[in-house]
Each structure stands twice: as C-alpha cells, then as structure tokens.
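*Asks:* One file: my_file_30.cif (mmCIF, C-alpha atoms).
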```cif
data_run
#
loop_
_atom_site.label_atom_id
_atom_site.label_comp_id
_atom_site.auth_asym_id
_atom_site.auth_seq_id
_atom_site.Cartn_x
_atom_site.Cartn_y
_atom_site.Cartn_z
CA MET A 297 4.24 16.57 -13.50
CA LYS A 298 7.42 14.50 -13.25
CA ILE A 299 7.63 11.20 -15.13
CA LEU A 300 9.11 8.36 -13.11
CA SER A 301 11.95 6.33 -14.58
CA GLU A 302 14.05 3.31 -13.69
CA ALA A 303 16.39 5.68 -11.84
CA ILE A 304 13.98 5.77 -8.88
CA LEU A 305 14.63 2.05 -8.30
CA THR A 306 18.41 2.29 -8.14
CA THR A 307 18.05 5.36 -5.92
CA VAL A 308 15.81 3.63 -3.38
CA ILE A 309 16.68 -0.07 -3.45
CA ASN A 310 20.11 -0.31 -1.88
CA LYS A 311 22.18 -3.33 -0.91
CA ARG A 312 21.29 -4.48 2.58
CA PRO A 313 23.85 -3.77 5.32
CA ALA A 314 25.85 -6.80 6.42
CA ILE A 315 25.09 -6.08 10.08
CA SER A 316 21.31 -6.13 10.24
CA HIS A 317 18.35 -8.07 11.62
CA LYS A 318 14.62 -8.31 10.95
CA GLY A 319 13.94 -5.19 13.01
CA THR A 320 16.25 -3.24 10.70
CA PHE A 321 13.70 -3.50 7.92
CA GLY A 322 10.61 -2.38 9.78
CA ARG A 323 7.48 -3.68 11.46
CA ALA A 324 4.40 -3.64 9.24
CA VAL A 325 0.85 -4.31 10.40
CA LEU A 326 -1.84 -5.04 7.81
CA ILE A 327 -5.58 -4.95 8.59
CA GLY A 328 -8.33 -6.35 6.36
CA GLY A 329 -9.86 -9.49 4.98
CA ASN A 330 -13.42 -10.20 6.07
CA GLN A 331 -15.02 -13.59 5.39
CA ARG A 332 -15.72 -12.73 1.76
CA TYR A 333 -12.52 -10.93 0.82
CA GLY A 334 -9.81 -12.78 2.73
CA GLY A 335 -7.72 -13.12 -0.42
CA ALA A 336 -7.21 -9.36 -0.61
CA ILE A 337 -5.29 -9.08 2.64
CA MET A 338 -3.34 -12.25 1.82
CA MET A 339 -2.14 -10.70 -1.44
CA SER A 340 -1.18 -7.50 0.37
CA ALA A 341 0.71 -9.48 2.99
CA GLU A 342 2.57 -11.50 0.36
CA ALA A 343 3.66 -8.33 -1.43
CA CYS A 344 4.73 -6.75 1.85
CA VAL A 345 6.83 -9.73 2.91
CA LYS A 346 8.41 -10.27 -0.52
CA SER A 347 9.23 -6.59 -0.92
CA GLY A 348 11.37 -6.89 2.19
CA ALA A 349 9.53 -5.74 5.32
CA GLY A 350 11.27 -7.27 8.33
CA LEU A 351 8.25 -8.26 10.44
CA VAL A 352 4.70 -8.48 9.12
CA THR A 353 1.57 -9.00 11.22
CA VAL A 354 -1.90 -9.41 9.72
CA ILE A 355 -5.01 -8.47 11.70
CA THR A 356 -7.88 -10.26 10.01
CA GLU A 357 -11.04 -12.30 10.41
CA LYS A 358 -10.27 -15.54 12.25
CA ASP A 359 -11.36 -17.79 9.36
CA ASN A 360 -8.50 -16.34 7.31
CA HIS A 361 -5.80 -17.49 9.73
CA PRO A 362 -5.37 -21.12 8.51
CA PRO A 363 -5.11 -20.28 4.77
CA LEU A 364 -2.87 -17.30 5.50
CA HIS A 365 -0.49 -19.41 7.60
CA ALA A 366 -0.54 -22.16 4.98
CA ARG A 367 0.32 -19.76 2.16
CA LEU A 368 2.59 -17.38 4.02
CA PRO A 369 4.09 -18.81 7.23
CA GLU A 370 6.38 -15.79 7.51
CA VAL A 371 3.56 -13.57 8.81
CA MET A 372 2.03 -13.38 12.27
CA VAL A 373 -1.75 -13.21 12.64
CA VAL A 374 -4.17 -11.57 15.06
CA ASP A 375 -7.91 -12.09 15.35
CA TRP A 376 -9.45 -8.72 14.51
CA GLN A 377 -12.02 -9.23 17.28
CA ASP A 378 -9.23 -9.20 19.87
CA GLU A 379 -9.18 -5.52 20.79
CA ASN A 380 -6.36 -5.68 23.35
CA LEU A 381 -3.93 -7.55 21.13
CA THR A 382 -4.87 -5.40 18.15
CA ARG A 383 -3.94 -2.26 20.09
CA GLN A 384 -0.66 -3.79 21.29
CA VAL A 385 0.35 -4.76 17.78
CA LEU A 386 -0.62 -1.38 16.33
CA GLU A 387 1.48 0.44 18.91
CA SER A 388 4.59 -1.52 17.85
CA ALA A 389 4.19 -0.83 14.12
CA ASN A 390 6.33 1.40 11.94
CA VAL A 391 3.80 1.20 9.10
CA ILE A 392 0.11 0.29 9.12
CA LEU A 393 -1.98 -0.71 6.11
CA ILE A 394 -5.76 -0.85 6.46
CA GLY A 395 -8.35 -1.61 3.82
CA PRO A 396 -7.71 -4.61 1.56
CA GLY A 397 -10.82 -6.78 1.90
CA LEU A 398 -11.85 -4.84 5.02
CA GLY A 399 -15.51 -4.60 4.03
CA SER A 400 -18.01 -1.97 5.13
CA GLU A 401 -19.52 -3.57 8.22
CA ALA A 402 -19.73 -1.86 11.60
CA HIS A 403 -16.64 -3.72 12.83
CA SER A 404 -14.69 -2.55 9.78
CA LEU A 405 -15.49 1.05 10.62
CA LYS A 406 -14.55 0.47 14.26
CA LEU A 407 -11.14 -0.85 13.20
CA LEU A 408 -10.55 2.14 10.96
CA LYS A 409 -11.45 4.59 13.73
CA THR A 410 -9.14 2.72 16.11
CA VAL A 411 -6.24 2.96 13.68
CA LEU A 412 -6.79 6.66 13.07
CA SER A 413 -6.97 7.39 16.80
CA LEU A 414 -3.80 5.42 17.63
CA GLN A 415 -1.52 6.56 14.80
CA THR A 416 1.53 8.39 16.16
CA LYS A 417 3.90 10.90 14.55
CA GLN A 418 6.45 8.13 14.07
CA GLN A 419 4.09 5.83 12.15
CA TRP A 420 3.08 5.78 8.50
CA LEU A 421 -0.45 4.79 7.55
CA VAL A 422 -1.61 3.44 4.18
CA ILE A 423 -5.38 3.57 3.58
CA ASP A 424 -6.63 1.35 0.75
CA GLY A 425 -9.78 -0.18 -0.68
CA SER A 426 -12.94 -0.18 1.41
CA ALA A 427 -11.20 1.83 4.13
CA ILE A 428 -11.08 4.74 1.67
CA SER A 429 -14.82 4.45 1.02
CA LEU A 430 -15.56 4.26 4.76
CA PHE A 431 -13.30 7.24 5.43
CA ALA A 432 -15.17 9.30 2.82
CA GLN A 433 -18.63 8.07 3.77
CA GLU A 434 -18.18 8.82 7.48
CA LYS A 435 -16.30 12.08 6.86
CA LEU A 436 -13.45 10.99 9.12
CA ALA A 437 -10.32 13.05 9.80
CA LEU A 438 -6.65 12.13 9.62
CA THR A 439 -4.54 12.21 12.76
CA GLN A 440 -1.18 12.43 10.96
CA PRO A 441 -1.89 13.56 7.37
CA HIS A 442 1.77 14.08 6.46
CA HIS A 443 2.42 10.42 7.34
CA THR A 444 -0.62 9.03 5.53
CA VAL A 445 -0.99 7.56 2.03
CA PHE A 446 -4.30 6.97 0.24
CA THR A 447 -4.23 4.41 -2.60
CA PRO A 448 -7.56 4.86 -4.42
CA HIS A 449 -8.61 3.73 -7.85
CA GLN A 450 -10.41 6.46 -9.74
CA MET A 451 -13.90 5.72 -8.39
CA GLU A 452 -12.60 5.60 -4.80
CA TRP A 453 -10.82 8.88 -5.49
CA GLN A 454 -14.13 10.34 -6.64
CA ARG A 455 -15.75 9.29 -3.36
CA LEU A 456 -12.91 10.70 -1.30
CA SER A 457 -12.27 13.96 -3.17
CA GLY A 458 -15.68 14.67 -4.66
CA ILE A 459 -14.00 15.18 -8.06
CA PRO A 460 -16.10 13.50 -10.80
CA LEU A 461 -14.23 10.94 -12.87
CA LYS A 462 -14.20 13.10 -16.02
CA GLN A 463 -12.85 16.09 -14.08
CA GLN A 464 -9.94 14.25 -12.48
CA ASN A 465 -6.77 15.82 -13.81
CA GLU A 466 -3.42 17.01 -12.52
CA GLN A 467 -4.72 20.38 -11.35
CA SER A 468 -7.88 19.18 -9.60
CA ASN A 469 -6.13 16.21 -8.01
CA ALA A 470 -3.19 18.30 -6.78
CA THR A 471 -5.55 20.93 -5.37
CA TYR A 472 -7.39 18.35 -3.27
CA GLN A 473 -4.13 16.78 -2.14
CA GLN A 474 -3.05 20.16 -0.81
CA LYS A 475 -6.31 20.30 1.12
CA ILE A 476 -5.94 16.93 2.85
CA GLN A 477 -2.09 17.01 3.01
CA ALA A 478 -1.80 13.22 2.68
CA THR A 479 0.06 11.56 -0.18
CA VAL A 480 -2.33 10.16 -2.80
CA ILE A 481 -1.67 7.37 -5.31
CA VAL A 482 -4.43 7.56 -7.93
CA LYS A 483 -4.40 4.16 -9.62
CA SER A 484 -5.21 3.98 -13.34
CA HIS A 485 -3.63 2.76 -16.56
CA ARG A 486 -1.00 5.44 -15.84
CA THR A 487 -0.90 5.75 -12.08
CA GLU A 488 -0.23 9.20 -10.63
CA ILE A 489 1.25 10.14 -7.25
CA TYR A 490 0.49 13.42 -5.49
CA THR A 491 2.65 14.56 -2.58
CA SER A 492 2.97 17.89 -0.82
CA GLN A 493 6.14 18.57 -2.83
CA ASP A 494 5.58 17.13 -6.31
CA CYS A 495 3.34 15.17 -8.66
CA TYR A 496 4.56 12.07 -10.48
CA ARG A 497 3.27 9.82 -13.26
CA CYS A 498 4.28 6.21 -13.78
CA PRO A 499 4.65 5.64 -17.55
CA LEU A 500 4.39 1.85 -17.20
CA GLY A 501 1.51 -0.59 -16.82
CA ASN A 502 -0.57 -2.72 -19.18
CA PRO A 503 -4.05 -4.27 -19.59
CA ALA A 504 -2.80 -7.72 -18.54
CA MET A 505 -2.62 -6.29 -14.99
CA ALA A 506 -6.35 -5.48 -14.99
CA THR A 507 -7.41 -8.22 -12.59
CA GLY A 508 -8.60 -8.45 -9.01
CA GLY A 509 -5.85 -8.11 -6.42
CA THR A 510 -3.48 -5.90 -8.40
CA GLY A 511 -4.26 -2.92 -6.17
CA ASP A 512 -3.97 -5.03 -3.01
CA THR A 513 -0.51 -6.09 -4.14
CA LEU A 514 0.51 -2.48 -4.79
CA ALA A 515 -0.72 -1.45 -1.32
CA GLY A 516 1.36 -4.23 0.22
CA MET A 517 4.43 -3.14 -1.74
CA VAL A 518 3.99 0.50 -0.68
CA THR A 519 3.75 -0.68 2.93
CA GLY A 520 6.86 -2.83 2.62
CA PHE A 521 8.87 -0.03 1.02
CA LEU A 522 7.78 2.49 3.66
CA ALA A 523 8.81 0.02 6.39
CA GLN A 524 12.43 -0.25 5.25
CA PHE A 525 13.51 2.76 3.20
CA GLN A 526 14.29 6.16 4.73
CA ASN A 527 13.19 8.60 2.02
CA LYS A 528 9.45 7.99 2.16
CA SER A 529 8.40 9.95 -0.91
CA ASP A 530 10.99 8.15 -3.05
CA ALA A 531 10.00 4.81 -1.48
CA ILE A 532 6.36 5.33 -2.50
CA CYS A 533 7.38 6.25 -6.05
CA ALA A 534 9.70 3.24 -6.27
CA ALA A 535 6.99 0.83 -5.14
CA VAL A 536 4.58 2.15 -7.78
CA TYR A 537 7.19 2.00 -10.53
CA LEU A 538 8.49 -1.49 -9.67
CA HIS A 539 4.92 -2.86 -9.50
CA SER A 540 4.27 -1.81 -13.10
CA TYR A 541 7.83 -2.59 -14.24
CA ILE A 542 7.44 -6.23 -13.23
CA GLY A 543 3.91 -6.28 -14.64
CA ASP A 544 5.19 -5.13 -18.02
CA ILE A 545 7.90 -7.78 -18.11
CA LEU A 546 5.43 -10.54 -17.23
CA ALA A 547 2.91 -9.26 -19.80
CA LYS A 548 5.34 -9.99 -22.63
CA ASP A 549 4.63 -13.72 -22.19
CA ASN A 550 1.31 -13.73 -20.31
CA TYR A 551 -2.15 -12.66 -21.43
CA VAL A 552 -3.07 -12.06 -17.77
CA VAL A 553 -0.57 -11.00 -15.10
CA LEU A 554 -1.65 -12.38 -11.74
CA PRO A 555 -0.88 -10.17 -8.74
CA THR A 556 0.71 -13.06 -6.86
CA THR A 557 3.08 -13.54 -9.81
CA ILE A 558 4.24 -9.95 -9.39
CA SER A 559 4.90 -10.63 -5.71
CA ALA A 560 6.81 -13.82 -6.50
CA ALA A 561 9.15 -11.81 -8.74
CA LEU A 562 9.84 -9.06 -6.20
CA PRO A 563 12.90 -10.55 -4.42
CA HIS A 564 14.62 -11.15 -7.76
CA TYR A 565 14.10 -7.67 -9.14
CA MET A 566 14.89 -5.94 -5.85
CA GLN A 567 18.20 -7.81 -5.76
CA TYR A 568 18.83 -6.83 -9.38
CA PHE A 569 18.29 -3.11 -8.74
CA SER A 570 20.17 -3.15 -5.43
CA THR A 571 23.35 -4.12 -7.27
CA LYS A 572 22.84 -2.22 -10.51
CA ASP A 573 25.12 0.78 -11.12
#
```
Could the structure of this file be written out as structure tokens, please?
*Replies:*
Amino acid sequence: MKILSEAILTTVINKRPAISHKGTFGRAVLIGGNQRYGGAIMMSAEACVKSGAGLVTVITEKDNHPPLHARLPEVMVVDWQDENLTRQVLESANVILIGPGLGSEAHSLKLLKTVLSLQTKQQWLVIDGSAISLFAQEKLALTQPHHTVFTPHQMEWQRLSGIPLKQQNEQSNATYQQKIQATVIVKSHRTEIYTSQDCYRCPLGNPAMATGGTGDTLAGMVTGFLAQFQNKSDAICAAVYLHSYIGDILAKDNYVVLPTTISAALPHYMQYFSTKD
C-alpha cells in the first residue's frame, strides 16, 4: 500500500489558466438533504464550491432551498420532486454526488435508481452516506463502475462489501474492490483508497475531526476535485489528503475541528499548493 504525501497536492493542484471560465472547472450536481438532514448536503455543497468546482447545482428537499441560498448563494437549487428538471440537470453534469443526508425513504431510492440509470461514460459518480446503504440493501448495480467512487465509513463498507469490521484489511478490501471495479475510499482514522491500479493510505487525520459532517465535507471535496482536475485517481487522493492536512493544522489550536471550518480554509490552501514548487 502506498502512503500519500504532500507531493500529491502539488502534483494535482495547478495554477489556473489565465484564459478560463466557470465551465472550465466542471459542472457538479449534488443530491441529498431530506427534511431531517439538510445540513449534510449543505456541507457537501460548501466543500464542492470552495474546492473550486465551476458550477454547482444541489437537488434537495424544497425546505432546504432558503437556508442553502442564504448560506451559499453561489449554488443553484432544484426541488428533488421535480423529475423533469432533475433529469435535465443530471444530463449536463460532469460529476454527480448522491447520498449526503439523502435518507432511506422510497423517494431517496427512486433518486438513486434514476442517477444510476442516467450516468454516462463521460460522467463521474460519487456515492456517499445513505446512498451506500440503499445501494447495498437493494442489491443495485453500477452502470459505469470505472467512473464511480464509493465513500463509506467502516460500517457502511461492511454493509456494501459484506466484510465484517474486524476483517477489513488491505487484502480483503482490495479483493472486493476488484470485484466491483469502482474506486473506494474507506474512511477511518487513517483513510484508505482502493482503485483498480493501486491502494493508498492517508497518514494524516486526528480525533478533533470526529464530528458530524466531516464525511459530507470530504465527499464534496472529492466531487469538486473530480470536476476540475484531469487525472481522476490523483484528484481523489489529493482531496483525501488535503481534507486531513487542513484538519491537522486546525487541530493544533482547536479541540474540535468543524467541517465547515475545513471548507472555509480550502481556497487558501489550494492557492498555496498551486504556487508551491
């Protein structure tokens, strides 16, 4: 297993071209946030925007629209009951994230099935949170496994892979990844990434990050990085590393590192690494 280092950030995060526009940096569509868990999709959207995605649209429960617009006016919103507009927006996406705060209701499952059926060869799909549990529970199939990323914590990974928590290790995880062919980010105190080519471990992270929304923020960062950077495997690794890198810096002076604080720091650190030799 390869150990990630700061070098992945300078490799991936390059200075932006002078001649560019919002479309240059990708169209991301995020789906989630029922009435109870609206904050989850808002944290994902904030991380996606602040990590540099050019255009971000959030498909969510209608009650979440006012607070989302108030907190993050940069994003567009769609009522997740509007099937026609949902399909139109999904078709225009470069990257789709589904799962943060999605819930497990019948409509949540319908949205997940819609996304899976519409995903094209040109689109990347990130499956997070309750969408992972629904995918496992309903024994769904991927349309484009080589362009799909699962972001489970260890219990979600158990549901998806069938590997008991105590038996999750490099060999068992890599074997299941080869079976499903999707990239897998297994979140833990030392997050691991399994791709079809290699396995990676992030050596960073700390207990101050153990709070609700940290995973939602990581999913948003992965989506934002996939939207704008060409080497997708490196982009995924860079998002994971930068998430914990910022978390470790903040933990030096904070007993708890809030996920939104990580997002707030993203533009600064991405600029720093884009100009670092």
*Asks:* Env of A:Gln477: 8 Å cut, atoms = all atoms listed in the file, seq-sep filter 4 positions within chain, self excluded. Answer as number ranges by chain.
*Replies:* A: 441-442, 473, 491-492
*Asks:* Applied to the shown file, which residues does the PyMOL selection byres ((chain A and resi 362) around 12) return, written as a count of residues only?
*Replies:* 20
*Asks:* How far is it from atom CA of A:Thr306 to atom CA of A:Phe521, in Å with one decimal?
*Replies:*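 Separation of atom CA of A:Thr306 and atom CA of A:Phe521: 13.4 Å.
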*Asks:* Report the distance between atom CA of A:Tyr333 and atom CA of A:Thr479 in Å, rounded to one decimal place.
*Replies:* 25.8 Å
*Asks:* Given all atoms listed in the file as the basis, pick out the residue of A:Ala561, A:Val325, A:Val422, A:Met297 nearest to A:Glu466.
*Replies:*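 Among A:Ala561, A:Val325, A:Val422, A:Met297, it is A:Met297 that comes nearest to A:Glu466.
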*Asks:* Taking the file as shown, find all residues satisfying the PyMOL selection byres ((chain A and resi 480) around 10) and write them as a PyMOL selection string.
*Replies:* chain A and resi 422-423+444-448+453+469-470+472-473+476-479+481-483+488-492+495+532
*Asks:* Step by step, work through what the PyMOL selection byres ((chain A and resi 551) around 12) selects in the shown file, and finish by giving those residues as a list in words.
*Replies:*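 Evaluating the PyMOL selection byres ((chain A and resi 551) around 12) on this file yields Asn502, Pro503, Ala504, Met505, Ala506, Thr507, Gly543, Asp544, Ile545, Leu546, Ala547, Lys548, Asp549, Asn550, Val552, Val553 and Leu554 of chain A.
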*Asks:* Would you output that residue set with C-alpha atoms, as a compact mmCIF listing (two decimals), in the frame of the given file?
*Replies:*
```txt
# COMPACT_ATOMS: atom_id res chain seq x y z
CA ASN A 502 -0.57 -2.72 -19.18
CA PRO A 503 -4.05 -4.27 -19.59
CA ALA A 504 -2.80 -7.72 -18.54
CA MET A 505 -2.62 -6.29 -14.99
CA ALA A 506 -6.35 -5.48 -14.99
CA THR A 507 -7.41 -8.22 -12.59
CA GLY A 543 3.91 -6.28 -14.64
CA ASP A 544 5.19 -5.13 -18.02
CA ILE A 545 7.90 -7.78 -18.11
CA LEU A 546 5.43 -10.54 -17.23
CA ALA A 547 2.91 -9.26 -19.80
CA LYS A 548 5.34 -9.99 -22.63
CA ASP A 549 4.63 -13.72 -22.19
CA ASN A 550 1.31 -13.73 -20.31
CA VAL A 552 -3.07 -12.06 -17.77
CA VAL A 553 -0.57 -11.00 -15.10
CA LEU A 554 -1.65 -12.38 -11.74
```
*Asks:* Limit the output to N, CA and C atoms and give stretch 525-562 of chain A as a JSON list (two decimals), in the first residue's frame.
*Replies:*
```
[["chain", "number", "residue", "atom", "x", "y", "z"],
["A", 525, "PHE", "N", -10.04, 18.53, -12.19],
["A", 525, "PHE", "CA", -8.70, 18.02, -12.45],
["A", 525, "PHE", "C", -8.75, 16.78, -13.34],
["A", 526, "GLN", "N", -7.79, 16.68, -14.25],
["A", 526, "GLN", "CA", -7.84, 15.67, -15.31],
["A", 526, "GLN", "C", -7.50, 14.26, -14.85],
["A", 527, "ASN", "N", -6.46, 14.11, -14.05],
["A", 527, "ASN", "CA", -6.07, 12.78, -13.57],
["A", 527, "ASN", "C", -6.98, 12.43, -12.39],
["A", 528, "LYS", "N", -7.97, 11.59, -12.62],
["A", 528, "LYS", "CA", -9.02, 11.37, -11.63],
["A", 528, "LYS", "C", -8.53, 10.62, -10.39],
["A", 529, "SER", "N", -7.68, 9.63, -10.59],
["A", 529, "SER", "CA", -7.16, 8.89, -9.44],
["A", 529, "SER", "C", -6.35, 9.80, -8.53],
["A", 530, "ASP", "N", -5.48, 10.62, -9.12],
["A", 530, "ASP", "CA", -4.69, 11.57, -8.34],
["A", 530, "ASP", "C", -5.60, 12.62, -7.68],
["A", 531, "ALA", "N", -6.64, 13.04, -8.39],
["A", 531, "ALA", "CA", -7.56, 14.04, -7.83],
["A", 531, "ALA", "C", -8.24, 13.51, -6.58],
["A", 532, "ILE", "N", -8.66, 12.26, -6.61],
["A", 532, "ILE", "CA", -9.31, 11.63, -5.44],
["A", 532, "ILE", "C", -8.33, 11.58, -4.27],
["A", 533, "CYS", "N", -7.11, 11.14, -4.55],
["A", 533, "CYS", "CA", -6.10, 11.06, -3.49],
["A", 533, "CYS", "C", -5.79, 12.44, -2.90],
["A", 534, "ALA", "N", -5.72, 13.45, -3.78],
["A", 534, "ALA", "CA", -5.42, 14.80, -3.32],
["A", 534, "ALA", "C", -6.53, 15.35, -2.43],
["A", 535, "ALA", "N", -7.78, 15.09, -2.79],
["A", 535, "ALA", "CA", -8.90, 15.56, -1.97],
["A", 535, "ALA", "C", -8.85, 14.94, -0.58],
["A", 536, "VAL", "N", -8.58, 13.64, -0.51],
["A", 536, "VAL", "CA", -8.50, 12.95, 0.78],
["A", 536, "VAL", "C", -7.35, 13.52, 1.61],
["A", 537, "TYR", "N", -6.21, 13.70, 0.98],
["A", 537, "TYR", "CA", -5.04, 14.19, 1.73],
["A", 537, "TYR", "C", -5.24, 15.62, 2.21],
["A", 538, "LEU", "N", -5.75, 16.50, 1.35],
["A", 538, "LEU", "CA", -5.92, 17.90, 1.74],
["A", 538, "LEU", "C", -6.95, 18.04, 2.85],
["A", 539, "HIS", "N", -8.00, 17.24, 2.81],
["A", 539, "HIS", "CA", -9.03, 17.24, 3.86],
["A", 539, "HIS", "C", -8.39, 17.01, 5.23],
["A", 540, "SER", "N", -7.55, 15.99, 5.33],
["A", 540, "SER", "CA", -6.91, 15.69, 6.61],
["A", 540, "SER", "C", -5.76, 16.66, 6.92],
["A", 541, "TYR", "N", -5.08, 17.13, 5.88],
["A", 541, "TYR", "CA", -3.99, 18.10, 6.07],
["A", 541, "TYR", "C", -4.52, 19.36, 6.76],
["A", 542, "ILE", "N", -5.63, 19.89, 6.22],
["A", 542, "ILE", "CA", -6.22, 21.09, 6.84],
["A", 542, "ILE", "C", -6.73, 20.76, 8.23],
["A", 543, "GLY", "N", -7.35, 19.59, 8.38],
["A", 543, "GLY", "CA", -7.85, 19.18, 9.69],
["A", 543, "GLY", "C", -6.76, 19.12, 10.73],
["A", 544, "ASP", "N", -5.58, 18.64, 10.35],
["A", 544, "ASP", "CA", -4.47, 18.56, 11.30],
["A", 544, "ASP", "C", -3.96, 19.94, 11.69],
["A", 545, "ILE", "N", -3.91, 20.85, 10.73],
["A", 545, "ILE", "CA", -3.47, 22.22, 11.04],
["A", 545, "ILE", "C", -4.46, 22.87, 12.01],
["A", 546, "LEU", "N", -5.73, 22.74, 11.74],
["A", 546, "LEU", "CA", -6.75, 23.36, 12.60],
["A", 546, "LEU", "C", -6.77, 22.73, 13.99],
["A", 547, "ALA", "N", -6.45, 21.43, 14.08],
["A", 547, "ALA", "CA", -6.49, 20.74, 15.37],
["A", 547, "ALA", "C", -5.40, 21.20, 16.32],
["A", 548, "LYS", "N", -4.39, 21.87, 15.81],
["A", 548, "LYS", "CA", -3.32, 22.37, 16.68],
["A", 548, "LYS", "C", -3.86, 23.41, 17.67],
["A", 549, "ASP", "N", -4.91, 24.15, 17.25],
["A", 549, "ASP", "CA", -5.45, 25.21, 18.09],
["A", 549, "ASP", "C", -6.91, 25.03, 18.45],
["A", 550, "ASN", "N", -7.51, 23.90, 18.01],
["A", 550, "ASN", "CA", -8.93, 23.68, 18.23],
["A", 550, "ASN", "C", -9.20, 22.27, 18.74],
["A", 551, "TYR", "N", -9.95, 22.18, 19.83],
["A", 551, "TYR", "CA", -10.29, 20.88, 20.40],
["A", 551, "TYR", "C", -11.20, 20.09, 19.46],
["A", 552, "VAL", "N", -12.08, 20.81, 18.75],
["A", 552, "VAL", "CA", -12.96, 20.21, 17.74],
["A", 552, "VAL", "C", -12.75, 20.97, 16.44],
["A", 553, "VAL", "N", -12.59, 20.23, 15.34],
["A", 553, "VAL", "CA", -12.44, 20.84, 14.02],
["A", 553, "VAL", "C", -13.77, 20.69, 13.29],
["A", 554, "LEU", "N", -14.47, 21.80, 13.10],
["A", 554, "LEU", "CA", -15.76, 21.75, 12.42],
["A", 554, "LEU", "C", -15.55, 21.58, 10.92],
["A", 555, "PRO", "N", -16.38, 20.75, 10.29],
["A", 555, "PRO", "CA", -16.24, 20.53, 8.85],
["A", 555, "PRO", "C", -16.32, 21.82, 8.03],
["A", 556, "THR", "N", -17.19, 22.72, 8.43],
["A", 556, "THR", "CA", -17.32, 23.98, 7.68],
["A", 556, "THR", "C", -16.06, 24.84, 7.81],
["A", 557, "THR", "N", -15.29, 24.64, 8.88],
["A", 557, "THR", "CA", -14.03, 25.36, 9.03],
["A", 557, "THR", "C", -12.99, 24.82, 8.05],
["A", 558, "ILE", "N", -13.03, 23.52, 7.81],
["A", 558, "ILE", "CA", -12.16, 22.94, 6.78],
["A", 558, "ILE", "C", -12.49, 23.54, 5.42],
["A", 559, "SER", "N", -13.78, 23.61, 5.10],
["A", 559, "SER", "CA", -14.19, 24.18, 3.82],
["A", 559, "SER", "C", -13.77, 25.63, 3.68],
["A", 560, "ALA", "N", -13.90, 26.39, 4.77],
["A", 560, "ALA", "CA", -13.53, 27.81, 4.72],
["A", 560, "ALA", "C", -12.05, 27.99, 4.40],
["A", 561, "ALA", "N", -11.23, 27.02, 4.79],
["A", 561, "ALA", "CA", -9.78, 27.12, 4.58],
["A", 561, "ALA", "C", -9.35, 26.63, 3.20],
["A", 562, "LEU", "N", -10.23, 25.97, 2.48],
["A", 562, "LEU", "CA", -9.84, 25.36, 1.21],
["A", 562, "LEU", "C", -9.25, 26.33, 0.18]]
```
